[in-house]
$ cat data.txt   # compact mmCIF, N, CA and C atoms
# COMPACT_ATOMS: atom_id res chain seq x y z
N ASN F 159 -34.80 -35.53 24.53
CA ASN F 159 -35.45 -34.45 25.24
C ASN F 159 -34.80 -34.29 26.61
N ASN F 160 -34.85 -33.10 27.11
CA ASN F 160 -34.20 -32.77 28.38
C ASN F 160 -35.16 -32.82 29.57
N PHE F 161 -36.36 -33.29 29.36
CA PHE F 161 -37.34 -33.32 30.44
C PHE F 161 -36.84 -34.14 31.62
N ASN F 162 -36.12 -35.23 31.34
CA ASN F 162 -35.59 -36.07 32.41
C ASN F 162 -34.75 -35.27 33.39
N MET F 163 -34.03 -34.28 32.91
CA MET F 163 -33.15 -33.51 33.76
C MET F 163 -33.87 -32.41 34.53
N VAL F 164 -35.01 -31.96 34.04
CA VAL F 164 -35.68 -30.83 34.68
C VAL F 164 -36.95 -31.19 35.44
N VAL F 165 -37.46 -32.39 35.24
CA VAL F 165 -38.73 -32.73 35.85
C VAL F 165 -38.67 -32.67 37.38
N ASN F 166 -37.63 -33.22 37.98
CA ASN F 166 -37.55 -33.21 39.45
C ASN F 166 -37.41 -31.80 40.02
N PRO F 167 -36.53 -30.95 39.47
CA PRO F 167 -36.47 -29.58 39.99
C PRO F 167 -37.78 -28.80 39.82
N VAL F 168 -38.44 -29.00 38.71
CA VAL F 168 -39.71 -28.28 38.49
C VAL F 168 -40.76 -28.77 39.48
N ILE F 169 -40.85 -30.06 39.66
CA ILE F 169 -41.80 -30.60 40.64
C ILE F 169 -41.44 -30.10 42.05
N GLY F 170 -40.15 -30.04 42.35
CA GLY F 170 -39.72 -29.53 43.64
C GLY F 170 -40.14 -28.09 43.86
N GLU F 171 -40.03 -27.27 42.81
CA GLU F 171 -40.43 -25.87 42.92
C GLU F 171 -41.93 -25.71 43.14
N MET F 172 -42.72 -26.70 42.71
CA MET F 172 -44.17 -26.63 42.92
C MET F 172 -44.53 -26.74 44.40
N SER F 173 -43.58 -27.14 45.22
CA SER F 173 -43.84 -27.18 46.67
C SER F 173 -42.97 -26.16 47.42
N SER F 174 -42.43 -25.19 46.69
CA SER F 174 -41.62 -24.13 47.29
C SER F 174 -42.46 -23.32 48.27
N TRP F 175 -41.82 -22.69 49.23
CA TRP F 175 -42.53 -21.85 50.18
C TRP F 175 -42.91 -20.52 49.54
N GLN F 176 -42.33 -20.19 48.39
CA GLN F 176 -42.63 -18.93 47.72
C GLN F 176 -43.73 -19.15 46.68
N VAL F 177 -44.81 -18.42 46.85
CA VAL F 177 -45.97 -18.57 45.97
C VAL F 177 -45.60 -18.32 44.51
N GLU F 178 -44.81 -17.30 44.24
CA GLU F 178 -44.45 -16.97 42.86
C GLU F 178 -43.68 -18.11 42.19
N LEU F 179 -42.77 -18.75 42.93
CA LEU F 179 -42.02 -19.87 42.37
C LEU F 179 -42.93 -21.06 42.09
N ARG F 180 -43.86 -21.33 43.00
CA ARG F 180 -44.80 -22.44 42.78
C ARG F 180 -45.62 -22.20 41.51
N ALA F 181 -46.10 -20.97 41.36
CA ALA F 181 -46.94 -20.65 40.21
C ALA F 181 -46.14 -20.76 38.91
N LYS F 182 -44.93 -20.24 38.89
CA LYS F 182 -44.10 -20.30 37.68
C LYS F 182 -43.73 -21.74 37.34
N ALA F 183 -43.47 -22.54 38.35
CA ALA F 183 -43.13 -23.95 38.10
C ALA F 183 -44.32 -24.69 37.49
N ALA F 184 -45.52 -24.40 37.97
CA ALA F 184 -46.71 -25.06 37.43
C ALA F 184 -46.95 -24.66 35.98
N VAL F 185 -46.72 -23.38 35.67
CA VAL F 185 -46.87 -22.92 34.28
C VAL F 185 -45.82 -23.58 33.39
N LEU F 186 -44.59 -23.65 33.88
CA LEU F 186 -43.52 -24.28 33.11
C LEU F 186 -43.82 -25.75 32.86
N LEU F 187 -44.31 -26.45 33.89
CA LEU F 187 -44.63 -27.86 33.73
C LEU F 187 -45.74 -28.05 32.70
N ARG F 188 -46.74 -27.20 32.74
CA ARG F 188 -47.83 -27.29 31.76
C ARG F 188 -47.29 -27.09 30.35
N THR F 189 -46.42 -26.12 30.17
CA THR F 189 -45.83 -25.86 28.86
C THR F 189 -45.01 -27.05 28.38
N MET F 190 -44.24 -27.63 29.28
CA MET F 190 -43.43 -28.79 28.91
C MET F 190 -44.30 -29.97 28.52
N LEU F 191 -45.42 -30.16 29.21
CA LEU F 191 -46.31 -31.28 28.88
C LEU F 191 -46.93 -31.10 27.50
N VAL F 192 -47.19 -29.87 27.10
CA VAL F 192 -47.73 -29.61 25.76
C VAL F 192 -46.75 -30.14 24.71
N TYR F 193 -45.48 -29.90 24.91
CA TYR F 193 -44.46 -30.32 23.94
C TYR F 193 -44.10 -31.79 24.07
N LEU F 194 -44.18 -32.33 25.27
CA LEU F 194 -43.80 -33.73 25.48
C LEU F 194 -44.80 -34.71 24.91
N GLU F 195 -46.07 -34.37 25.02
CA GLU F 195 -47.16 -35.25 24.63
C GLU F 195 -46.98 -36.63 25.29
N ASP F 196 -47.00 -37.71 24.52
CA ASP F 196 -46.95 -39.04 25.11
C ASP F 196 -45.57 -39.40 25.69
N ASN F 197 -44.57 -38.57 25.46
CA ASN F 197 -43.25 -38.81 26.05
C ASN F 197 -43.26 -38.58 27.57
N ALA F 198 -44.34 -38.04 28.08
CA ALA F 198 -44.47 -37.85 29.53
C ALA F 198 -44.79 -39.17 30.23
N THR F 199 -45.08 -40.20 29.47
CA THR F 199 -45.49 -41.49 30.04
C THR F 199 -44.51 -42.03 31.07
N GLN F 200 -43.24 -41.94 30.79
CA GLN F 200 -42.25 -42.51 31.71
C GLN F 200 -42.20 -41.79 33.06
N HIS F 201 -42.80 -40.61 33.14
CA HIS F 201 -42.79 -39.83 34.38
C HIS F 201 -44.18 -39.74 35.01
N VAL F 202 -45.13 -40.50 34.51
CA VAL F 202 -46.52 -40.28 34.90
C VAL F 202 -46.75 -40.53 36.39
N GLN F 203 -46.12 -41.52 36.99
CA GLN F 203 -46.34 -41.76 38.41
C GLN F 203 -45.83 -40.57 39.23
N GLN F 204 -44.65 -40.14 38.92
CA GLN F 204 -44.04 -39.00 39.60
C GLN F 204 -44.91 -37.74 39.42
N LEU F 205 -45.38 -37.52 38.22
CA LEU F 205 -46.22 -36.36 37.95
C LEU F 205 -47.53 -36.43 38.71
N CYS F 206 -48.18 -37.59 38.67
CA CYS F 206 -49.47 -37.73 39.36
C CYS F 206 -49.33 -37.49 40.86
N LEU F 207 -48.27 -38.01 41.46
CA LEU F 207 -48.06 -37.80 42.89
C LEU F 207 -47.81 -36.32 43.20
N ALA F 208 -47.08 -35.65 42.33
CA ALA F 208 -46.86 -34.21 42.51
C ALA F 208 -48.16 -33.43 42.33
N PHE F 209 -48.98 -33.84 41.38
CA PHE F 209 -50.26 -33.17 41.15
C PHE F 209 -51.19 -33.35 42.35
N ILE F 210 -51.17 -34.54 42.95
CA ILE F 210 -52.01 -34.78 44.13
C ILE F 210 -51.62 -33.81 45.24
N SER F 211 -50.34 -33.67 45.48
CA SER F 211 -49.87 -32.75 46.52
C SER F 211 -50.21 -31.30 46.19
N ALA F 212 -49.98 -30.91 44.95
CA ALA F 212 -50.19 -29.52 44.54
C ALA F 212 -51.66 -29.16 44.38
N SER F 213 -52.53 -30.14 44.30
CA SER F 213 -53.96 -29.85 44.10
C SER F 213 -54.58 -29.13 45.28
N LYS F 214 -53.91 -29.14 46.42
CA LYS F 214 -54.41 -28.46 47.62
C LYS F 214 -53.95 -27.01 47.69
N ASP F 215 -53.15 -26.58 46.73
CA ASP F 215 -52.53 -25.26 46.75
C ASP F 215 -53.29 -24.32 45.81
N GLY F 216 -53.97 -23.36 46.38
CA GLY F 216 -54.76 -22.41 45.59
C GLY F 216 -53.95 -21.64 44.58
N ALA F 217 -52.64 -21.47 44.82
CA ALA F 217 -51.79 -20.71 43.91
C ALA F 217 -51.53 -21.46 42.60
N VAL F 218 -51.64 -22.77 42.62
CA VAL F 218 -51.29 -23.55 41.42
C VAL F 218 -52.39 -24.51 40.99
N VAL F 219 -53.49 -24.56 41.69
CA VAL F 219 -54.50 -25.59 41.43
C VAL F 219 -55.04 -25.52 39.99
N GLN F 220 -55.21 -24.32 39.45
CA GLN F 220 -55.71 -24.21 38.08
C GLN F 220 -54.70 -24.78 37.09
N GLN F 221 -53.44 -24.45 37.24
CA GLN F 221 -52.40 -24.97 36.36
C GLN F 221 -52.27 -26.48 36.51
N VAL F 222 -52.39 -26.96 37.74
CA VAL F 222 -52.33 -28.41 37.98
C VAL F 222 -53.46 -29.11 37.23
N GLY F 223 -54.65 -28.53 37.27
CA GLY F 223 -55.78 -29.10 36.53
C GLY F 223 -55.49 -29.17 35.04
N GLU F 224 -54.87 -28.12 34.50
CA GLU F 224 -54.51 -28.11 33.09
C GLU F 224 -53.44 -29.17 32.78
N CYS F 225 -52.48 -29.31 33.69
CA CYS F 225 -51.46 -30.35 33.52
C CYS F 225 -52.10 -31.73 33.50
N CYS F 226 -53.04 -31.94 34.39
CA CYS F 226 -53.72 -33.24 34.46
C CYS F 226 -54.50 -33.53 33.18
N ARG F 227 -55.17 -32.51 32.65
CA ARG F 227 -55.90 -32.70 31.38
C ARG F 227 -54.93 -33.06 30.26
N LEU F 228 -53.75 -32.47 30.25
CA LEU F 228 -52.75 -32.80 29.24
C LEU F 228 -52.25 -34.24 29.40
N VAL F 229 -52.03 -34.64 30.63
CA VAL F 229 -51.64 -36.03 30.88
C VAL F 229 -52.75 -36.96 30.40
N GLY F 230 -53.99 -36.63 30.72
CA GLY F 230 -55.12 -37.43 30.25
C GLY F 230 -55.20 -37.50 28.74
N ARG F 231 -54.87 -36.41 28.09
CA ARG F 231 -54.94 -36.36 26.62
C ARG F 231 -53.83 -37.16 25.96
N PHE F 232 -52.61 -37.06 26.47
CA PHE F 232 -51.46 -37.62 25.78
C PHE F 232 -50.96 -38.97 26.29
N VAL F 233 -51.26 -39.30 27.53
CA VAL F 233 -50.76 -40.54 28.13
C VAL F 233 -51.90 -41.54 28.20
N ARG F 234 -51.62 -42.79 27.84
CA ARG F 234 -52.66 -43.82 27.89
C ARG F 234 -53.23 -43.93 29.32
N PRO F 235 -54.55 -44.04 29.43
CA PRO F 235 -55.18 -44.09 30.75
C PRO F 235 -54.63 -45.20 31.66
N GLY F 236 -54.25 -46.32 31.09
CA GLY F 236 -53.72 -47.40 31.91
C GLY F 236 -52.48 -47.01 32.68
N GLU F 237 -51.79 -45.98 32.21
CA GLU F 237 -50.57 -45.52 32.87
C GLU F 237 -50.86 -44.70 34.11
N TRP F 238 -51.91 -43.89 34.09
CA TRP F 238 -52.21 -43.03 35.24
C TRP F 238 -53.37 -43.52 36.10
N LEU F 239 -54.24 -44.32 35.54
CA LEU F 239 -55.38 -44.81 36.33
C LEU F 239 -54.95 -45.59 37.57
N GLY F 240 -54.02 -46.51 37.40
CA GLY F 240 -53.57 -47.33 38.52
C GLY F 240 -52.97 -46.50 39.64
N VAL F 241 -52.15 -45.52 39.27
CA VAL F 241 -51.51 -44.65 40.26
C VAL F 241 -52.58 -43.91 41.07
N LEU F 242 -53.55 -43.36 40.35
CA LEU F 242 -54.56 -42.54 41.02
C LEU F 242 -55.57 -43.39 41.79
N LEU F 243 -55.98 -44.49 41.21
CA LEU F 243 -56.95 -45.35 41.92
C LEU F 243 -56.34 -45.91 43.20
N ASP F 244 -55.06 -46.20 43.18
CA ASP F 244 -54.39 -46.68 44.38
C ASP F 244 -54.48 -45.65 45.50
N ARG F 245 -54.38 -44.36 45.16
CA ARG F 245 -54.42 -43.30 46.18
C ARG F 245 -55.82 -43.05 46.71
N LEU F 246 -56.81 -43.69 46.12
CA LEU F 246 -58.19 -43.54 46.60
C LEU F 246 -58.54 -44.54 47.70
N GLY F 247 -57.63 -45.48 47.95
CA GLY F 247 -57.89 -46.53 48.93
C GLY F 247 -57.83 -46.04 50.36
N PRO F 248 -58.37 -46.85 51.27
CA PRO F 248 -58.44 -46.47 52.69
C PRO F 248 -57.07 -46.37 53.37
N ALA F 249 -56.03 -46.87 52.73
CA ALA F 249 -54.70 -46.80 53.32
C ALA F 249 -54.15 -45.37 53.29
N HIS F 250 -54.79 -44.49 52.54
CA HIS F 250 -54.30 -43.12 52.40
C HIS F 250 -55.19 -42.15 53.17
N GLU F 251 -54.57 -41.06 53.61
CA GLU F 251 -55.30 -40.03 54.35
C GLU F 251 -56.31 -39.34 53.44
N ALA F 252 -57.29 -38.71 54.08
CA ALA F 252 -58.38 -38.06 53.35
C ALA F 252 -57.86 -36.99 52.39
N ASN F 253 -56.84 -36.23 52.78
CA ASN F 253 -56.35 -35.18 51.89
C ASN F 253 -55.67 -35.77 50.65
N VAL F 254 -55.05 -36.94 50.78
CA VAL F 254 -54.46 -37.61 49.62
C VAL F 254 -55.56 -38.13 48.71
N ARG F 255 -56.59 -38.72 49.30
CA ARG F 255 -57.71 -39.22 48.50
C ARG F 255 -58.41 -38.07 47.76
N ALA F 256 -58.59 -36.94 48.45
CA ALA F 256 -59.22 -35.78 47.82
C ALA F 256 -58.38 -35.27 46.65
N GLY F 257 -57.07 -35.21 46.84
CA GLY F 257 -56.18 -34.79 45.75
C GLY F 257 -56.23 -35.76 44.59
N ALA F 258 -56.29 -37.05 44.90
CA ALA F 258 -56.36 -38.06 43.84
C ALA F 258 -57.66 -37.93 43.05
N VAL F 259 -58.75 -37.62 43.73
CA VAL F 259 -60.03 -37.42 43.02
C VAL F 259 -59.92 -36.22 42.09
N TYR F 260 -59.32 -35.14 42.58
CA TYR F 260 -59.14 -33.94 41.75
C TYR F 260 -58.32 -34.26 40.50
N VAL F 261 -57.19 -34.92 40.70
CA VAL F 261 -56.30 -35.25 39.59
C VAL F 261 -56.99 -36.23 38.63
N LEU F 262 -57.64 -37.24 39.16
CA LEU F 262 -58.34 -38.21 38.34
C LEU F 262 -59.42 -37.53 37.49
N ALA F 263 -60.19 -36.65 38.10
CA ALA F 263 -61.26 -35.97 37.37
C ALA F 263 -60.70 -35.16 36.20
N HIS F 264 -59.59 -34.49 36.43
CA HIS F 264 -59.00 -33.67 35.36
C HIS F 264 -58.32 -34.53 34.29
N CYS F 265 -57.69 -35.62 34.70
CA CYS F 265 -57.12 -36.54 33.70
C CYS F 265 -58.22 -37.12 32.83
N LEU F 266 -59.32 -37.49 33.45
CA LEU F 266 -60.46 -38.04 32.70
C LEU F 266 -61.02 -37.01 31.73
N THR F 267 -61.03 -35.75 32.15
CA THR F 267 -61.52 -34.69 31.29
C THR F 267 -60.69 -34.57 30.02
N GLY F 268 -59.38 -34.79 30.16
CA GLY F 268 -58.50 -34.69 29.00
C GLY F 268 -58.48 -35.92 28.12
N ALA F 269 -58.85 -37.06 28.67
CA ALA F 269 -58.78 -38.33 27.93
C ALA F 269 -59.88 -38.42 26.89
N SER F 270 -59.55 -39.02 25.78
CA SER F 270 -60.55 -39.21 24.74
C SER F 270 -61.42 -40.42 25.08
N LYS F 271 -62.60 -40.43 24.49
CA LYS F 271 -63.52 -41.55 24.68
C LYS F 271 -62.88 -42.85 24.19
N ASP F 272 -62.18 -42.77 23.07
CA ASP F 272 -61.53 -43.96 22.51
C ASP F 272 -60.45 -44.50 23.43
N SER F 273 -59.63 -43.60 23.99
CA SER F 273 -58.56 -44.08 24.87
C SER F 273 -59.13 -44.70 26.13
N MET F 274 -60.23 -44.17 26.62
CA MET F 274 -60.84 -44.73 27.83
C MET F 274 -61.48 -46.09 27.53
N GLY F 275 -61.96 -46.26 26.32
CA GLY F 275 -62.53 -47.55 25.94
C GLY F 275 -61.49 -48.65 25.91
N ASN F 276 -60.24 -48.28 25.68
CA ASN F 276 -59.16 -49.25 25.62
C ASN F 276 -58.41 -49.37 26.94
N ALA F 277 -58.82 -48.60 27.95
CA ALA F 277 -58.09 -48.58 29.24
C ALA F 277 -58.34 -49.86 30.02
N SER F 278 -57.29 -50.34 30.63
CA SER F 278 -57.44 -51.47 31.54
C SER F 278 -56.42 -51.31 32.66
N VAL F 279 -56.89 -51.62 33.84
CA VAL F 279 -56.05 -51.54 35.03
C VAL F 279 -56.28 -52.81 35.80
N SER F 280 -55.20 -53.46 36.16
CA SER F 280 -55.34 -54.69 36.93
C SER F 280 -55.67 -54.37 38.37
N GLU F 281 -56.23 -55.33 39.06
CA GLU F 281 -56.59 -55.15 40.46
C GLU F 281 -55.36 -54.84 41.30
N SER F 282 -54.23 -55.43 40.96
CA SER F 282 -53.01 -55.16 41.72
C SER F 282 -52.53 -53.73 41.54
N GLU F 283 -52.80 -53.12 40.38
CA GLU F 283 -52.42 -51.74 40.16
C GLU F 283 -53.30 -50.78 40.97
N CYS F 284 -54.46 -51.25 41.37
CA CYS F 284 -55.39 -50.43 42.14
C CYS F 284 -55.25 -50.67 43.64
N GLY F 285 -54.22 -51.32 44.05
CA GLY F 285 -54.03 -51.55 45.46
C GLY F 285 -54.68 -52.81 45.96
N GLY F 286 -55.34 -53.55 45.08
CA GLY F 286 -55.96 -54.83 45.45
C GLY F 286 -54.98 -55.95 45.24
N GLU F 287 -55.41 -57.14 45.49
CA GLU F 287 -54.54 -58.29 45.28
C GLU F 287 -54.96 -58.99 44.00
N ALA F 288 -53.97 -59.29 43.19
CA ALA F 288 -54.26 -59.92 41.90
C ALA F 288 -54.45 -61.40 42.04

$ encode --input "data.txt" --output "structure tokens"
Amino acid sequence: NNFNMVVNPVIGEMSSWQVELRAKAAVLLRTMLVYLEDNATQHVQQLCLAFISASKDGAVVQQVGECCRLVGRFVRPGEWLGVLLDRLGPAHEANVRAGAVYVLAHCLTGASKDSMGNASVSESECGGEA
């Protein structure tokens, strides 16, 4: 798959100064996630961090929510929970924590009950000490 080659440029366009480019990049990313399914796992940290940043942007927030639901649906929760829970800690600014809550809520919405039952995150993945 060619996602490895396009993921960084698409994520970069989501923070473009041009609203139309941001919106198109978010739609493209959502479409790619539909086709990637669980193959998005290797990029989940990068995607979650981009979603946190983009969650504050009214032009793309709806598409970002849909992307997060797709990540929740196709990627095992243990892969994204640690990334997002870490951003909820006091070491991060309020806007980062708010974005992480938004992304986490949408990932949880997409995740199945069965996958959440099997989810495990170590304390070290959550920013704590193991």

$ residues_around --input "data.txt" --residues "Tyr260 of chain F" --least-positions-apart "3" --cutoff "8 Å" --atoms "all atoms listed in the file" --output "JSON, numbers by chain"
{"F": [209, 210, 213, 222, 223, 226, 254, 255, 256, 257, 263, 264, 265, 266]}

$ closest_residue --input "data.txt" --among "F:Leu246, F:Ala269, F:Ala252, F:Ala181" --to "Arg227 of chain F" --atoms "only N, CA and C atoms"
F:Ala269

$ closest_residue --input "data.txt" --among "F:Asn253, F:Gly216, F:Gln221, F:Thr199" --to "Glu237 of chain F" --atoms "only N, CA and C atoms"
F:Thr199

$ select_by_dssp --input "data.txt" --residues "segment 181-285 of chain F" --states "helix (DSSP H, G or I)" --output "ChimeraX atom specification"
/F:181-212,219-232,235-244,252-268,271-275,281-284

$ atom_distance --input "data.txt" --atom1 "atom CA of Phe161 of chain F" --atom2 "atom N of Val259 of chain F"
25.6 Å

$ atom_distance --input "data.txt" --atom1 "atom CA of Val177 of chain F" --atom2 "atom CA of Ala212 of chain F"
11.8 Å

$ closest_residue --input "data.txt" --among "F:Val233, F:Ser173, F:Gly240, F:Gln220" --to "Ala208 of chain F" --atoms "only C-alpha atoms"
F:Ser173

$ closest_residue --input "data.txt" --among "F:Ile169, F:Thr267, F:Gly236, F:Asp196" --to "Ala184 of chain F" --atoms "all atoms listed in the file"
F:Ile169

$ residues_around --input "data.txt" --residues "Gln203 of chain F" --least-positions-apart "6" --cutoff "9 Å" --atoms "only C-alpha atoms" --output "PyMOL selection string"
chain F and resi 237-238+241-242

$ closest_residue --input "data.txt" --among "F:Arg180, F:Arg188, F:Arg245, F:His250" --to "Ala217 of chain F" --atoms "only C-alpha atoms"
F:Arg180

$ build_atoms --input "data.txt" --residues "segment 205-215 of chain F" --atoms "all heavy atoms" --output "PDB file, keeping the file's coordinate frame"
ATOM      1  N   LEU F 205     -45.380 -37.520  38.220  1.00  0.00           N
ATOM      2  CA  LEU F 205     -46.220 -36.360  37.950  1.00  0.00           C
ATOM      3  C   LEU F 205     -47.530 -36.430  38.710  1.00  0.00           C
ATOM      4  O   LEU F 205     -47.945 -35.449  39.332  1.00  0.00           O
ATOM      5  CB  LEU F 205     -46.485 -36.236  36.442  1.00  0.00           C
ATOM      6  CG  LEU F 205     -45.288 -35.851  35.581  1.00  0.00           C
ATOM      7  CD1 LEU F 205     -45.611 -36.035  34.101  1.00  0.00           C
ATOM      8  CD2 LEU F 205     -44.857 -34.418  35.870  1.00  0.00           C
ATOM      9  N   CYS F 206     -48.180 -37.590  38.670  1.00  0.00           N
ATOM     10  CA  CYS F 206     -49.470 -37.730  39.360  1.00  0.00           C
ATOM     11  C   CYS F 206     -49.330 -37.490  40.860  1.00  0.00           C
ATOM     12  O   CYS F 206     -50.172 -36.828  41.469  1.00  0.00           O
ATOM     13  CB  CYS F 206     -50.076 -39.100  39.092  1.00  0.00           C
ATOM     14  SG  CYS F 206     -50.759 -39.263  37.433  1.00  0.00           S
ATOM     15  N   LEU F 207     -48.270 -38.010  41.460  1.00  0.00           N
ATOM     16  CA  LEU F 207     -48.060 -37.800  42.890  1.00  0.00           C
ATOM     17  C   LEU F 207     -47.810 -36.320  43.200  1.00  0.00           C
ATOM     18  O   LEU F 207     -48.328 -35.795  44.193  1.00  0.00           O
ATOM     19  CB  LEU F 207     -46.905 -38.667  43.393  1.00  0.00           C
ATOM     20  CG  LEU F 207     -47.132 -40.175  43.289  1.00  0.00           C
ATOM     21  CD1 LEU F 207     -45.898 -40.929  43.762  1.00  0.00           C
ATOM     22  CD2 LEU F 207     -48.370 -40.616  44.046  1.00  0.00           C
ATOM     23  N   ALA F 208     -47.080 -35.650  42.330  1.00  0.00           N
ATOM     24  CA  ALA F 208     -46.860 -34.210  42.510  1.00  0.00           C
ATOM     25  C   ALA F 208     -48.160 -33.430  42.330  1.00  0.00           C
ATOM     26  O   ALA F 208     -48.437 -32.486  43.086  1.00  0.00           O
ATOM     27  CB  ALA F 208     -45.812 -33.708  41.526  1.00  0.00           C
ATOM     28  N   PHE F 209     -48.980 -33.840  41.380  1.00  0.00           N
ATOM     29  CA  PHE F 209     -50.260 -33.170  41.150  1.00  0.00           C
ATOM     30  C   PHE F 209     -51.190 -33.350  42.350  1.00  0.00           C
ATOM     31  O   PHE F 209     -51.914 -32.434  42.716  1.00  0.00           O
ATOM     32  CB  PHE F 209     -50.937 -33.696  39.888  1.00  0.00           C
ATOM     33  CG  PHE F 209     -50.183 -33.428  38.612  1.00  0.00           C
ATOM     34  CD1 PHE F 209     -50.366 -34.253  37.513  1.00  0.00           C
ATOM     35  CD2 PHE F 209     -49.297 -32.372  38.490  1.00  0.00           C
ATOM     36  CE1 PHE F 209     -49.690 -34.019  36.329  1.00  0.00           C
ATOM     37  CE2 PHE F 209     -48.609 -32.133  37.304  1.00  0.00           C
ATOM     38  CZ  PHE F 209     -48.813 -32.963  36.210  1.00  0.00           C
ATOM     39  N   ILE F 210     -51.170 -34.540  42.950  1.00  0.00           N
ATOM     40  CA  ILE F 210     -52.010 -34.780  44.130  1.00  0.00           C
ATOM     41  C   ILE F 210     -51.620 -33.810  45.240  1.00  0.00           C
ATOM     42  O   ILE F 210     -52.484 -33.182  45.860  1.00  0.00           O
ATOM     43  CB  ILE F 210     -51.885 -36.249  44.598  1.00  0.00           C
ATOM     44  CG1 ILE F 210     -52.592 -37.169  43.605  1.00  0.00           C
ATOM     45  CG2 ILE F 210     -52.461 -36.426  45.997  1.00  0.00           C
ATOM     46  CD1 ILE F 210     -52.337 -38.654  43.831  1.00  0.00           C
ATOM     47  N   SER F 211     -50.340 -33.670  45.480  1.00  0.00           N
ATOM     48  CA  SER F 211     -49.870 -32.750  46.520  1.00  0.00           C
ATOM     49  C   SER F 211     -50.210 -31.300  46.190  1.00  0.00           C
ATOM     50  O   SER F 211     -50.673 -30.539  47.037  1.00  0.00           O
ATOM     51  CB  SER F 211     -48.367 -32.873  46.714  1.00  0.00           C
ATOM     52  OG  SER F 211     -48.040 -34.133  47.210  1.00  0.00           O
ATOM     53  N   ALA F 212     -49.980 -30.910  44.950  1.00  0.00           N
ATOM     54  CA  ALA F 212     -50.190 -29.520  44.540  1.00  0.00           C
ATOM     55  C   ALA F 212     -51.660 -29.160  44.380  1.00  0.00           C
ATOM     56  O   ALA F 212     -52.001 -27.972  44.382  1.00  0.00           O
ATOM     57  CB  ALA F 212     -49.452 -29.257  43.234  1.00  0.00           C
ATOM     58  N   SER F 213     -52.530 -30.140  44.300  1.00  0.00           N
ATOM     59  CA  SER F 213     -53.960 -29.850  44.100  1.00  0.00           C
ATOM     60  C   SER F 213     -54.580 -29.130  45.280  1.00  0.00           C
ATOM     61  O   SER F 213     -55.645 -28.535  45.172  1.00  0.00           O
ATOM     62  CB  SER F 213     -54.730 -31.141  43.805  1.00  0.00           C
ATOM     63  OG  SER F 213     -54.775 -31.956  44.961  1.00  0.00           O
ATOM     64  N   LYS F 214     -53.910 -29.140  46.420  1.00  0.00           N
ATOM     65  CA  LYS F 214     -54.410 -28.460  47.620  1.00  0.00           C
ATOM     66  C   LYS F 214     -53.950 -27.010  47.690  1.00  0.00           C
ATOM     67  O   LYS F 214     -54.309 -26.295  48.610  1.00  0.00           O
ATOM     68  CB  LYS F 214     -53.921 -29.212  48.862  1.00  0.00           C
ATOM     69  CG  LYS F 214     -54.369 -30.659  48.923  1.00  0.00           C
ATOM     70  CD  LYS F 214     -53.840 -31.369  50.143  1.00  0.00           C
ATOM     71  CE  LYS F 214     -52.496 -31.942  49.970  1.00  0.00           C
ATOM     72  NZ  LYS F 214     -52.224 -33.100  49.236  1.00  0.00           N
ATOM     73  N   ASP F 215     -53.150 -26.580  46.730  1.00  0.00           N
ATOM     74  CA  ASP F 215     -52.530 -25.260  46.750  1.00  0.00           C
ATOM     75  C   ASP F 215     -53.290 -24.320  45.810  1.00  0.00           C
ATOM     76  O   ASP F 215     -53.244 -24.475  44.591  1.00  0.00           O
ATOM     77  CB  ASP F 215     -51.074 -25.400  46.311  1.00  0.00           C
ATOM     78  CG  ASP F 215     -50.299 -24.101  46.378  1.00  0.00           C
ATOM     79  OD1 ASP F 215     -50.907 -23.024  46.560  1.00  0.00           O
ATOM     80  OD2 ASP F 215     -49.062 -24.167  46.252  1.00  0.00           O
TER      81      ASP F 215
END
